[in-house]
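A quick write-up on the structure given underneath.
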Amino acid sequence: MLRLQGINAIIAVIAVFTLLHLAFVPDQHTLRTTFSTLLGGISFLLMTCSVILATRLEVFEEMFGGLDRMYQVHRVAGTFTAVFALVHFFSIPKELPAGVDPVLNSTFPSAQIGMASMVLLVIGLFVALNRKISYSRWRNPHKVMALVYILVIGHFMNAPGIFFERLSASGLVLILAALVGTVALIYTMFGMNKRTATRFTIETVNSLERATEVVLKPVGDMLKFKPGQFAFVEVQGKGWSEPHPFTISSAPNEDRLRFTMKVLGDWTRKVREELKPGGEVIVRGPYGRFDASKTASKQQVWIAGGIGLTPFLSKLRAMEENDDREIHFAYAARSKEEAIFLDELQEIAAQRDNVTLYPLFSDEGDFARVDAAKERLPGQLTDYEYFVCGPKPMVDGLMKDLKREGVKRKTIHVEAFEFR
Ligand SMILES: Cc1cc2nc3c(=O)[nH]c(=O)nc-3n(C[C@H](O)[C@H](O)[C@H](O)COP(=O)(O)OP(=O)(O)OC[C@H]3O[C@@H](n4cnc5c(N)ncnc54)[C@H](O)[C@@H]3O)c2cc1C
């Protein structure tokens, strides 16, 4: 669930900048210049937020409620960056503010840099939001945004208004943000990957129904993670392209790391068809906050749709003997044949008094819906805390219906298997 701490921090920074900007308006600025530079400044602050969130640092996961939420905020901040930059561009007066020396100004190509960065920003946004452009095609061009960020710093540091006022209070906020953003950028480009990498060798590759289980043996120390967390898997070797995120389906105390990957596109198909034992894999992580162990309620409903099983698989495999939660676990699949690990789940449920398993097969008319929960759960729907992972239509439907039944949003935890 998105935590408000991070959003509040962003709002606070923008509010401070706005107050300082409006409180110290230079005499020679018109209302239009003030408004336009304000939007330009906010646009830069939002872009800095996007840059900082791309560092994937744990402290920000805490503030925003997980890496998937951070990327959602990153995307929204990026969209507003472009919108505000466009309004800034079209509203900034074309004539220089009074008191600015045109000769001195012409030595700094601020407007040209601003124009170039805005064009790249808008193209970048179009590519990022266009779902028809595949993730792998989008990923490398998206790195151009680092250059855009540096260009934007060049733009405002040389802009006539800011140039003469950069020691103004709001100008100082922008300079501070530029410093933090540049450090974040350098860390993301050169430090992040080294810090989060753990090496593994591939032990086995098991073909399941429409999915592949990859079992990894650590080369050195085992990766430390909590059940429900995910990591980026990067196969070493030619033609394997970028790292892909997968939830760890093994338990933290196992001596092997297991991922269960649904065959969806080129990369996951290649895993199934070409990945061989003995190869090397780098795992980066762990990330995520889909944690059912520290919740207010001991009565929990877990709902998995298809491959959304993986975080629950890890939680069940890791469950301690004395676990005192009451867990109702609905596992929805298209058919019994497609319900991977069903035998293991049934075995765990049979051994444990606190876990009740409800397999739901849509070919038999059973779906992961609220009416199914109402029929099966003892007590009221509002007595429980919910953990949901599965296809978007299933998750959206459940959220809507649970809220209609009076279940509070903060008691519904969702893991989204997508960043964009
Ligand atoms: C937090 C998280 C946990 C996940 N856990 C699992 C899991 O346990 N099991 C499982 O089967 N799937 C999981 N996924 C989904 C998995 O990452 C994608 O299905 C996989 O990357 C698809 O790659 P592809 O090239 O085969 O398919 P494509 O058809 O190319 O991609 C399908 C979709 O996957 C996403 N995607 C593709 N490549 C990447 C990438 N490099 N980084 C981020 N997203 C990408 C995009 O949204 C894309 O639209 C998880 C995703 C996230 C974000």
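Letters A, B, ... mark the chains of the structure tokens in the order given; residue numbers begin at 1 per chain; ligand numbers begin at 1, in order shown.
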Produce a table with one row for each residue of chain A that has an atom at most 9 Å from any atom of ligand 1, each row naming the nearest atom pair and its distance in Å at one decimal; use only C-alpha atoms and all ligand atoms; arrange rows by chain and rising residue number; format as CSV.
```
residue,atom,partner,partner_atom_place_in_ligand_line,distance
A:Leu67,CA,ligand 1,1 (C),7.5
A:Asp68,CA,ligand 1,1 (C),6.0
A:Arg131,CA,ligand 1,49 (O),7.1
A:Lys132,CA,ligand 1,49 (O),8.6
A:Ile133,CA,ligand 1,49 (O),8.7
A:Ser134,CA,ligand 1,30 (O),6.0
A:Tyr135,CA,ligand 1,38 (N),5.0
A:Ser136,CA,ligand 1,38 (N),6.1
A:Arg139,CA,ligand 1,41 (N),7.8
A:Ala211,CA,ligand 1,11 (O),7.0
A:Thr212,CA,ligand 1,11 (O),8.2
A:Gln229,CA,ligand 1,1 (C),7.9
A:Phe230,CA,ligand 1,3 (C),5.7
A:Ala231,CA,ligand 1,3 (C),7.6
A:Phe232,CA,ligand 1,42 (N),7.7
A:Val233,CA,ligand 1,41 (N),8.8
A:Ser241,CA,ligand 1,41 (N),8.3
A:Glu242,CA,ligand 1,41 (N),5.4
A:Pro243,CA,ligand 1,41 (N),5.1
A:His244,CA,ligand 1,41 (N),3.8
A:Pro245,CA,ligand 1,17 (O),4.3
A:Phe246,CA,ligand 1,5 (N),3.5
A:Thr247,CA,ligand 1,8 (O),3.8
A:Ile248,CA,ligand 1,8 (O),6.4
A:Ser249,CA,ligand 1,8 (O),6.9
A:Phe259,CA,ligand 1,8 (O),6.4
A:Thr260,CA,ligand 1,9 (N),5.3
A:Met261,CA,ligand 1,11 (O),3.4
A:Lys262,CA,ligand 1,11 (O),3.6
A:Val263,CA,ligand 1,26 (O),6.2
A:Leu264,CA,ligand 1,26 (O),4.7
A:Gly265,CA,ligand 1,27 (O),3.3
A:Asp266,CA,ligand 1,26 (O),4.6
A:Trp267,CA,ligand 1,26 (O),3.8
A:Thr268,CA,ligand 1,26 (O),3.7
A:Arg269,CA,ligand 1,26 (O),6.0
A:Lys270,CA,ligand 1,26 (O),7.8
A:Val271,CA,ligand 1,26 (O),8.4
A:Tyr287,CA,ligand 1,1 (C),7.9
A:Gly288,CA,ligand 1,1 (C),7.0
A:Ile307,CA,ligand 1,11 (O),5.6
A:Gly308,CA,ligand 1,8 (O),6.8
A:Leu309,CA,ligand 1,8 (O),7.6
A:Thr310,CA,ligand 1,8 (O),5.0
A:Pro311,CA,ligand 1,8 (O),6.9
A:Glu415,CA,ligand 1,1 (C),7.1
A:Ala416,CA,ligand 1,1 (C),6.3
A:Phe417,CA,ligand 1,52 (C),3.6
A:Glu418,CA,ligand 1,53 (C),3.8
A:Phe419,CA,ligand 1,53 (C),5.2
A:Arg420,CA,ligand 1,47 (O),5.9
```
(request) Could you pull out the residues in segment 167-241 of chain A that DSSP calls alpha helix (DSSP H) from the backbone, as a PyMOL selection string? (result) chain A and resi 169-186+192-195
(request) Please indicate the distance in Å from atom CA of Phe329 of chain A to atom CA of Thr411 of chain A, rounded to one decimal place. (result) 15.9 Å
(request) For Ala251 of chain A, please output as a list in words all residues within 6 Å (counting only C-alpha atoms; exclusion window: fewer than 6 positions along the same chain). (result) Ser314, Arg317 and Ala318 of chain A
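Between Leu377 of chain A and the residues A:Ala54, A:Val301, A:Met192, A:Ile186, the shortest atom-to-atom distance, using only C-alpha atoms, involves A:Val301.
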